[in-house]
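J.: File name work_22.txt; file contents compact mmCIF, C-alpha atoms; full text below.
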```txt
# COMPACT_ATOMS: atom_id res chain seq x y z
CA MET W 135 8.88 -11.74 -29.74
CA LYS W 136 7.80 -9.36 -26.99
CA LYS W 137 8.99 -5.79 -27.34
CA VAL W 138 10.35 -3.91 -24.35
CA ASN W 139 9.96 -0.19 -23.69
CA THR W 140 12.15 1.15 -20.90
CA ILE W 141 11.28 3.92 -18.49
CA THR W 142 14.05 5.77 -16.67
CA ALA W 143 13.88 8.39 -13.95
CA CYS W 144 14.16 11.89 -15.35
CA GLY W 145 13.66 14.39 -12.57
CA LEU W 146 12.18 15.05 -9.15
CA LEU W 147 9.78 17.89 -8.40
CA SER W 148 9.54 19.71 -5.11
CA VAL W 149 6.21 17.96 -4.48
CA ALA W 150 8.02 14.59 -4.53
CA MET W 151 6.79 13.50 -7.95
CA ALA W 152 9.16 11.85 -10.39
CA ALA W 153 8.69 12.37 -14.09
CA SER W 154 9.48 9.24 -16.05
CA VAL W 155 10.61 8.88 -19.62
CA PHE W 156 10.23 6.22 -22.24
CA ALA W 157 13.03 4.89 -24.40
CA GLY W 158 12.90 2.28 -27.13
CA CYS W 159 10.43 1.47 -29.83
CA GLY W 160 7.85 -1.09 -30.81
CA GLU W 161 4.67 0.96 -30.70
CA LYS W 162 2.64 1.70 -33.78
CA PRO W 163 2.62 5.51 -34.04
CA VAL W 164 -0.55 7.20 -32.81
CA ASP W 165 -1.90 10.73 -33.08
CA GLY W 166 -1.71 12.06 -29.54
CA THR W 167 -3.71 15.20 -30.33
CA GLN W 168 -6.99 13.35 -30.80
CA THR W 169 -9.43 13.14 -27.93
CA ALA W 170 -9.26 9.85 -26.06
CA MET W 171 -12.11 10.50 -23.63
CA VAL W 172 -14.32 13.22 -22.23
CA ILE W 173 -14.67 13.36 -18.45
CA ASP W 174 -17.24 15.70 -16.95
CA GLY W 175 -17.06 17.93 -20.01
CA GLU W 176 -13.24 17.99 -20.19
CA GLU W 177 -11.51 16.50 -23.21
CA LEU W 178 -8.40 14.47 -22.47
CA SER W 179 -5.98 13.91 -25.32
CA LEU W 180 -4.64 10.50 -26.26
CA GLY W 181 -1.09 11.75 -25.67
CA LEU W 182 -1.92 12.70 -22.07
CA VAL W 183 -3.73 9.49 -21.18
CA ASN W 184 -1.18 7.34 -23.01
CA TYR W 185 1.65 8.90 -21.03
CA TYR W 186 -0.21 8.38 -17.76
CA LEU W 187 -1.22 4.83 -18.66
CA ARG W 188 2.21 3.61 -19.74
CA THR W 189 4.04 5.21 -16.83
CA GLU W 190 1.70 3.61 -14.32
CA GLN W 191 1.89 0.34 -16.24
CA ALA W 192 5.68 0.31 -15.94
CA ASN W 193 5.52 1.06 -12.20
CA THR W 194 3.05 -1.76 -11.66
CA TYR W 195 5.11 -4.18 -13.73
CA ALA W 196 8.21 -3.37 -11.67
CA GLN W 197 6.31 -4.27 -8.50
CA MET W 198 4.87 -7.44 -10.01
CA GLN W 199 8.26 -8.69 -11.23
CA GLY W 200 9.43 -9.27 -7.67
CA MET W 201 6.17 -10.86 -6.59
CA MET W 202 5.92 -13.14 -9.60
CA ALA W 203 9.53 -14.23 -9.18
CA TYR W 204 8.90 -15.05 -5.52
CA PHE W 205 5.81 -17.13 -6.29
CA GLY W 206 7.30 -18.74 -9.39
CA GLY W 207 5.15 -16.93 -11.96
CA ASP W 208 6.07 -15.34 -15.28
CA ALA W 209 5.80 -11.56 -15.14
CA ASN W 210 6.00 -11.39 -18.93
CA ASN W 211 2.56 -12.96 -19.10
CA PHE W 212 1.07 -10.96 -16.23
CA TRP W 213 -1.26 -8.64 -18.15
CA THR W 214 -3.10 -11.42 -19.98
CA MET W 215 -3.75 -13.39 -16.79
CA GLU W 216 -7.41 -13.46 -15.82
CA GLY W 217 -8.61 -12.15 -12.50
CA GLU W 218 -12.12 -11.96 -11.12
CA GLU W 219 -15.02 -12.68 -13.47
CA GLY W 220 -12.65 -13.65 -16.26
CA VAL W 221 -11.37 -10.11 -16.87
CA SER W 222 -7.67 -9.83 -17.68
CA TYR W 223 -5.38 -7.89 -15.36
CA GLY W 224 -4.55 -5.66 -18.31
CA GLN W 225 -8.17 -4.66 -18.81
CA SER W 226 -8.72 -4.19 -15.08
CA PHE W 227 -5.63 -2.00 -14.96
CA LYS W 228 -6.83 0.07 -17.91
CA ASP W 229 -10.17 0.58 -16.15
CA SER W 230 -8.35 1.70 -13.00
CA ILE W 231 -6.48 4.33 -15.01
CA VAL W 232 -9.81 5.80 -16.09
CA THR W 233 -10.80 5.97 -12.42
CA ASP W 234 -7.53 7.78 -11.64
CA LEU W 235 -7.98 10.24 -14.48
CA THR W 236 -11.55 10.95 -13.40
CA LYS W 237 -10.27 11.74 -9.93
CA LEU W 238 -7.55 14.03 -11.29
CA VAL W 239 -10.01 15.90 -13.50
CA GLU W 240 -12.35 16.53 -10.56
CA ILE W 241 -9.45 17.61 -8.36
CA ARG W 242 -8.50 20.18 -10.99
CA LYS W 243 -12.12 21.38 -11.17
CA ASN W 244 -12.32 21.87 -7.39
CA ALA W 245 -8.79 23.15 -6.80
CA GLU W 246 -9.42 26.84 -7.44
CA GLU W 247 -12.38 26.98 -5.07
CA LEU W 248 -10.20 25.44 -2.36
CA GLY W 249 -7.36 27.88 -3.04
CA VAL W 250 -5.03 25.23 -4.44
CA ALA W 251 -2.89 25.96 -7.50
CA VAL W 252 0.41 25.02 -9.10
CA SER W 253 2.86 27.74 -8.15
CA GLU W 254 5.05 29.51 -10.67
CA ASP W 255 8.14 27.81 -9.23
CA GLU W 256 6.46 24.42 -9.56
CA LYS W 257 5.41 25.20 -13.13
CA GLN W 258 9.00 26.09 -13.97
CA LYS W 259 10.29 22.81 -12.55
CA ILE W 260 7.58 20.90 -14.38
CA GLN W 261 8.52 22.56 -17.67
CA GLU W 262 12.17 21.68 -17.13
CA THR W 263 11.28 18.11 -16.31
CA ALA W 264 9.03 17.81 -19.37
CA ALA W 265 11.81 19.20 -21.58
CA ALA W 266 14.31 16.69 -20.19
CA PHE W 267 11.73 13.98 -20.68
CA MET W 268 11.37 14.74 -24.38
CA GLU W 269 15.10 15.19 -24.91
CA LYS W 270 15.80 11.67 -23.68
CA ASN W 271 13.07 10.02 -25.70
CA GLY W 272 13.23 11.46 -29.18
CA GLN W 273 11.24 9.53 -31.75
CA SER W 274 10.00 6.88 -29.33
CA MET W 275 7.78 9.47 -27.63
CA GLU W 276 6.28 10.43 -30.94
CA LYS W 277 5.12 6.85 -31.39
CA LEU W 278 3.15 7.15 -28.17
CA GLY W 279 1.72 10.46 -29.29
CA VAL W 280 3.20 12.20 -26.26
CA THR W 281 4.50 15.76 -26.37
CA ALA W 282 6.11 17.97 -23.74
CA ASP W 283 2.72 19.63 -23.22
CA HIS W 284 1.17 16.25 -22.38
CA VAL W 285 3.90 15.50 -19.86
CA GLN W 286 3.52 18.93 -18.35
CA GLU W 287 -0.26 18.57 -18.01
CA ALA W 288 0.08 15.16 -16.36
CA LEU W 289 2.61 16.46 -13.85
CA GLU W 290 0.48 19.48 -13.04
CA LEU W 291 -2.49 17.20 -12.39
CA LYS W 292 -0.40 15.06 -10.05
CA THR W 293 0.93 18.18 -8.32
CA LEU W 294 -2.61 19.36 -7.64
CA GLU W 295 -3.44 15.92 -6.25
CA VAL W 296 -0.56 16.12 -3.78
CA LYS W 297 -1.34 19.69 -2.75
CA ILE W 298 -5.10 19.32 -2.35
CA LYS W 299 -5.06 16.48 0.19
CA PRO W 300 -3.92 18.54 3.22
CA VAL W 301 -6.53 21.16 2.33
CA VAL W 302 -9.33 18.61 2.05
CA THR W 303 -8.30 16.94 5.31
CA ALA W 304 -7.68 20.17 7.25
CA ASP W 305 -10.91 19.75 9.26
CA THR W 306 -10.09 16.20 10.36
CA ASP W 307 -10.86 15.56 14.02
CA ARG W 308 -7.40 15.19 15.56
CA LYS W 309 -8.49 14.70 19.13
CA VAL W 310 -7.77 11.13 20.23
CA SER W 311 -8.16 10.12 23.86
CA ASP W 312 -5.79 7.81 25.70
CA ASP W 313 -8.66 5.38 26.16
CA GLU W 314 -9.38 5.21 22.42
CA ALA W 315 -5.73 4.68 21.47
CA ALA W 316 -4.55 2.79 24.54
CA GLN W 317 -2.01 0.10 23.69
CA SER W 318 -0.79 -2.78 25.79
CA THR W 319 2.40 -4.66 24.97
CA CYS W 320 3.13 -8.32 25.55
CA THR W 321 5.93 -10.71 24.63
CA TYR W 322 5.15 -14.27 23.69
CA VAL W 323 6.99 -17.46 22.81
CA ARG W 324 5.23 -20.10 20.75
CA LEU W 325 6.04 -23.60 19.57
CA LYS W 326 3.90 -25.51 17.09
CA LYS W 327 2.06 -28.52 18.45
CA ALA W 328 2.91 -31.89 16.91
CA GLU W 329 0.38 -34.36 15.52
CA ASP W 330 2.24 -37.31 17.03
CA GLU W 331 1.32 -37.71 20.70
CA GLU W 332 4.87 -38.45 21.83
CA ALA W 333 6.36 -35.55 19.87
CA ASN W 334 3.62 -33.29 21.16
CA ALA W 335 4.40 -34.23 24.75
CA ALA W 336 8.09 -33.49 24.09
CA ALA W 337 7.21 -30.06 22.68
CA LYS W 338 5.17 -29.19 25.75
CA GLU W 339 7.99 -30.38 28.01
CA GLN W 340 10.43 -28.10 26.18
CA MET W 341 8.07 -25.16 26.64
CA GLU W 342 7.82 -25.93 30.35
CA ASP W 343 11.62 -25.91 30.54
CA ILE W 344 11.70 -22.54 28.75
CA LEU W 345 9.05 -21.14 31.09
CA LYS W 346 11.01 -22.23 34.18
CA GLN W 347 14.16 -20.52 32.90
CA ILE W 348 12.21 -17.33 32.13
CA LEU W 349 10.67 -17.29 35.60
CA ASP W 350 14.07 -17.92 37.20
CA ALA W 351 15.65 -15.10 35.17
CA GLY W 352 13.15 -12.62 36.60
CA ALA W 353 11.93 -9.27 35.24
CA GLY W 354 13.18 -8.33 31.80
CA ALA W 355 14.28 -11.85 30.87
CA ASP W 356 15.32 -12.26 27.22
CA MET W 357 12.54 -14.67 26.32
CA ASN W 358 13.69 -15.08 22.74
CA ALA W 359 17.27 -16.07 23.67
CA ILE W 360 16.10 -18.51 26.32
CA ALA W 361 13.58 -20.12 23.96
CA GLU W 362 15.97 -20.48 21.01
CA ALA W 363 18.61 -22.07 23.24
CA VAL W 364 16.15 -24.85 24.02
CA ASN W 365 14.53 -25.19 20.58
CA GLU W 366 15.41 -23.16 17.50
CA GLU W 367 11.90 -23.78 16.17
CA CYS W 368 10.46 -21.52 18.85
CA TYR W 369 9.15 -18.18 17.65
CA SER W 370 9.19 -15.13 19.90
CA ALA W 371 7.82 -11.66 19.30
CA GLN W 372 6.60 -8.53 21.03
CA TYR W 373 3.04 -7.57 20.21
CA ASN W 374 1.10 -4.41 20.98
CA PHE W 375 -2.67 -4.33 21.02
CA ASN W 376 -5.68 -2.43 22.34
CA LYS W 377 -8.53 -3.57 24.54
CA GLY W 378 -10.64 -4.45 21.51
CA ALA W 379 -8.08 -7.09 20.52
CA TYR W 380 -9.45 -9.36 23.24
CA ASP W 381 -12.62 -9.73 21.20
CA ASP W 382 -11.11 -9.45 17.71
CA GLU W 383 -11.13 -12.73 15.83
CA ASN W 384 -8.81 -11.35 13.14
CA ASN W 385 -5.88 -11.21 15.50
CA VAL W 386 -2.51 -12.92 15.79
CA LEU W 387 -3.18 -13.90 19.39
CA ASP W 388 -4.79 -17.25 20.13
CA GLY W 389 -8.04 -17.14 22.09
CA ALA W 390 -6.46 -19.02 24.98
CA VAL W 391 -3.70 -16.39 25.19
CA LYS W 392 -6.24 -13.55 25.23
CA ASP W 393 -8.05 -15.14 28.14
CA VAL W 394 -4.82 -15.17 30.13
CA LEU W 395 -3.75 -11.65 29.18
CA LYS W 396 -6.95 -10.16 30.56
CA ASN W 397 -5.81 -11.00 34.09
CA LEU W 398 -2.04 -10.41 33.91
CA LYS W 399 -0.39 -7.50 35.69
CA GLU W 400 2.42 -5.27 34.42
CA ASN W 401 5.63 -7.26 33.71
CA GLU W 402 4.01 -10.50 34.86
CA VAL W 403 4.83 -13.83 33.21
CA TYR W 404 2.00 -16.34 33.26
CA ASP W 405 3.21 -19.30 35.29
CA GLN W 406 1.85 -22.03 33.02
CA VAL W 407 2.34 -23.09 29.40
CA ILE W 408 -0.79 -22.11 27.48
CA GLU W 409 -2.19 -24.68 25.07
CA GLY W 410 -3.69 -22.97 22.05
CA GLU W 411 -5.39 -24.40 19.01
CA SER W 412 -2.18 -25.00 17.03
CA TYR W 413 0.63 -23.80 19.31
CA TYR W 414 1.92 -23.85 22.87
CA PHE W 415 2.47 -20.34 24.27
CA ILE W 416 4.39 -18.57 27.02
CA ILE W 417 3.19 -15.03 27.64
CA ARG W 418 4.39 -11.93 29.50
CA MET W 419 2.50 -8.66 29.91
CA ASP W 420 5.24 -6.07 29.35
CA HIS W 421 3.16 -2.90 29.64
CA PHE W 422 -0.51 -2.73 30.50
CA PHE W 423 -0.44 0.86 29.21
CA ASP W 424 2.40 1.46 26.77
CA LYS W 425 2.70 5.25 26.50
CA GLU W 426 5.01 5.25 23.47
CA LYS W 427 2.89 2.77 21.50
CA THR W 428 -0.27 4.65 22.52
CA GLU W 429 1.09 7.91 21.08
CA GLN W 430 1.98 6.08 17.87
CA GLN W 431 -1.53 4.67 17.73
CA LYS W 432 -2.97 8.15 18.08
CA GLU W 433 -1.06 9.22 14.96
CA THR W 434 -2.32 6.12 13.15
CA ILE W 435 -5.92 6.91 14.08
CA ILE W 436 -5.55 10.49 12.86
CA LYS W 437 -4.08 9.29 9.54
CA GLU W 438 -6.97 6.87 9.14
CA ARG W 439 -9.45 9.69 9.74
CA GLU W 440 -7.66 11.89 7.22
CA ASN W 441 -7.68 9.15 4.60
CA GLU W 442 -11.35 8.42 5.22
CA LEU W 443 -12.27 12.10 4.87
CA TYR W 444 -10.17 12.46 1.72
CA THR W 445 -11.60 9.32 0.13
CA THR W 446 -15.17 10.34 0.97
CA THR W 447 -14.62 13.81 -0.50
CA ILE W 448 -13.11 12.49 -3.75
CA GLU W 449 -15.86 9.91 -4.10
CA GLY W 450 -18.40 12.71 -3.71
CA TRP W 451 -16.73 14.66 -6.51
CA THR W 452 -16.58 11.70 -8.89
CA GLU W 453 -19.91 10.04 -8.05
CA GLY W 454 -22.10 9.50 -11.09
CA ILE W 455 -19.51 10.66 -13.63
CA GLU W 456 -19.41 8.40 -16.70
CA PRO W 457 -16.48 9.08 -19.06
CA ASP W 458 -17.24 9.18 -22.77
CA PHE W 459 -14.63 7.05 -24.55
CA ARG W 460 -13.50 7.54 -28.13
CA ASP W 461 -12.35 4.88 -30.57
CA CYS W 462 -8.65 5.69 -30.19
CA TRP W 463 -8.79 4.87 -26.47
CA ASP W 464 -10.64 1.64 -27.11
CA LYS W 465 -7.82 0.59 -29.45
CA ILE W 466 -5.12 1.08 -26.79
CA ALA W 467 -4.27 -2.33 -25.35
CA VAL W 468 -2.70 -3.28 -22.05
CA ASP W 469 -1.33 -6.73 -22.72
CA ASP W 470 1.96 -8.59 -22.90
CA SER W 471 2.82 -7.69 -26.49
CA VAL W 472 4.87 -4.71 -25.30
CA ILE W 473 6.51 -4.85 -21.87
CA TYR W 474 7.15 -1.52 -20.15
CA THR W 475 9.93 -1.55 -17.58
CA ILE W 476 11.70 0.93 -15.32
CA ALA W 477 15.41 1.39 -15.88
CA SER W 478 17.80 2.88 -13.35
```
What is this structure when it is put down as C-alpha cells?
T.:
Amino acid sequence: MKKVNTITACGLLSVAMAASVFAGCGEKPVDGTQTAMVIDGEELSLGLVNYYLRTEQANTYAQMQGMMAYFGGDANNFWTMEGEEGVSYGQSFKDSIVTDLTKLVEIRKNAEELGVAVSEDEKQKIQETAAAFMEKNGQSMEKLGVTADHVQEALELKTLEVKIKPVVTADTDRKVSDDEAAQSTCTYVRLKKAEDEEANAAAKEQMEDILKQILDAGAGADMNAIAEAVNEECYSAQYNFNKGAYDDENNVLDGAVKDVLKNLKENEVYDQVIEGESYYFIIRMDHFFDKEKTEQQKETIIKERENELYTTTIEGWTEGIEPDFRDCWDKIAVDDSVIYTIAS
C-alpha cells in the first residue's frame, strides 16, 4: 500500500514565499544532522535537502495530478515512469533538486558582494514560520530529519533568491524601439477543409457567404458572430504579431494568410476566401500598428532580456561545480512508495 504524506500551507512571507509543512507518517526515520552533500565547499545537511526535496516533490505532484487526470494517466505511478534515456522521472527530479541547491548556494555566496541580505524583519517572519511549521508536524518531521533550523535555512535561501534577481538584472537594457516591438493585429475566421470533394465545396460556399455578410456589415463587423450563425464549426480569433511573423514557420497563421496580410491596409477585409493548407480563411487587418499591443510587447522583450541576463549570471556562478554526494543522500529515493501531496 502506498503511504501518503500531506503538505499544508503554513505561512506567507513578505517576499511571497510560502512555507509548507508535512503531516503524516510512513518514512523511516533519518538523521537530519548528517551531511548530505558538499557544494562548492559548503556542507548541506540531510534535514535541509530533505525538506527542500519533499516540498518541491509535493508541489510537482500537485501539478501532475491534474495533467495525468486529463490525459488518463495514473499520478500515483508518476515517479517511476521512465523519461528520456530510460531515466525515471523520480531520478530526474532528484537531479534537478541538486541543480536548484547548487544555484541557491552560489546565490548565498554572491549575495553579500551584491549588497543583498535577509533583513531582520524577514528573519523574524521566517523564524515564526519555521516555528509554526514544526508545531504542526510533530513527530512526522523528525522522521524526515527536519528541524526548525533546517526550515529557516531553506526559507532564507529562497528569500535571497527572490531578492537577488532585481539586483542582478538592474543593468538590463530597457530601451526598446517601436520598430523592434511593433505589433499588428488581425482577426480571422477559419473553417477546416473536408476530404470529401462535395463537402469541401460546401464548406467553401459557407465561407463565401460569411465573407459577403462581413463585407456588407462594414467596418467593425463582429466576424465571430456572423461566422457562428452560418456554421458553429467556424473558429474566429484576434491575433497580434510582428513583422517577423511573416517569415516565421512556427506561427499560427497559414502561409497563404501571411501573403495576403502583407498587402492589407488598416481595417481592411480581404475580399476573397483564402484557401490554406488545411483550412479556409477570412482575414481582416484590424491595426497595422497596434499601439497598446506594441507597448505590451516592449514589456515582454524587457522581461526576456532580464531573464536571459539572470540565467547567464547564475550559470556563470554554477559552471563547473560538481557536488560531492554522501551515502545518506544516495539512499533518499524519489519514487511512488510514498506520495507527497498538498492539503488545503
J.: So, with only C-alpha atoms as the atoms that count, which of W:Tyr444, W:Ser253, W:Thr167, W:Leu387 lies closest to His284 in chain W?
T.: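 With only C-alpha atoms as the atom set, the closest residue is W:Thr167.
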J.: If you measure from CA of Glu362 in chain W to CA of Asp388 in chain W, what distance in Å do you get, rounded to one decimal?
T.: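 Value for the CA of Glu362 in chain W-CA of Asp388 in chain W distance: 21.0 Å.
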J.: Taking 3 positions as the minimum chain separation for residues in the same chain, which residues sit within 10 Å of Gln430 in chain W when counting only C-alpha atoms? Answer as a count of residues only.
T.: 9
J.: Considering all atoms listed in the file, can you say which of W:Leu294, W:Cys320, W:Ala304, W:Ala359 comes closest to Glu402 in chain W?
T.: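 Going through W:Leu294, W:Cys320, W:Ala304, W:Ala359 one by one, the smallest distance to Glu402 in chain W is for W:Cys320.
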J.: W:Val285, W:Met171, W:Val252, W:Ile298: which is nearest Met268 in chain W, counting only C-alpha atoms?
T.: W:Val285
J.: List the spatial neighbours of Lys338 in chain W as a list in words - criterion: any atom at most 12 Å away, all atoms listed in the file, same-chain residues fewer than 2 positions off excluded.
T.: Arg324, Leu325, Lys326, Lys327, Ala328, Glu331, Glu332, Ala333, Asn334, Ala335, Ala336, Gln340, Met341, Glu342, Asp343, Ile344, Leu345, Val364, Asn365, Cys368, Gln406, Val407, Ile408, Glu409, Gly410, Tyr413, Tyr414, Phe415 and Ile416 of chain W
J.: For CA of Met201 in chain W and CA of Tyr185 in chain W, quote the distance in Å rounded to one decimal.
T.: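 Those two atoms sit 24.9 Å apart.
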J.: Compare W:Ile260, W:Cys462, W:Ala288, W:Ile473 by their minimum atom-to-atom distance to Thr214 in chain W, counting all atoms listed in the file, and give me the closest one.
T.: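 That would be W:Ile473, the residue with the smallest distance to Thr214 in chain W.
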J.: If you measure from CA of Ala371 in chain W to CA of Met357 in chain W, what distance in Å do you get, rounded to one decimal?
T.: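 Distance reported for this atom pair: 9.0 Å.
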J.: My list of candidates is W:Ile348, W:Met198, W:Val164, W:Leu238. Which is closest to Leu178 in chain W when distances are computed with all atoms listed in the file?
T.: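 With all atoms listed in the file as the atom set, the closest residue is W:Leu238.
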J.: Of the candidates W:Asp350, W:Pro300, W:Asp464, W:Gly224, which shows the shortest atom-to-atom distance to Leu248 in chain W, using all atoms listed in the file?
T.: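 Under the stated criterion, the closest residue is W:Pro300.
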J.: Residues within 8 Å of Tyr404 in chain W, please, as a ChimeraX atom specification. Count only C-alpha atoms; anything in the same chain fewer than 5 positions from it doesn't count.
T.: /W:394,398,416-418
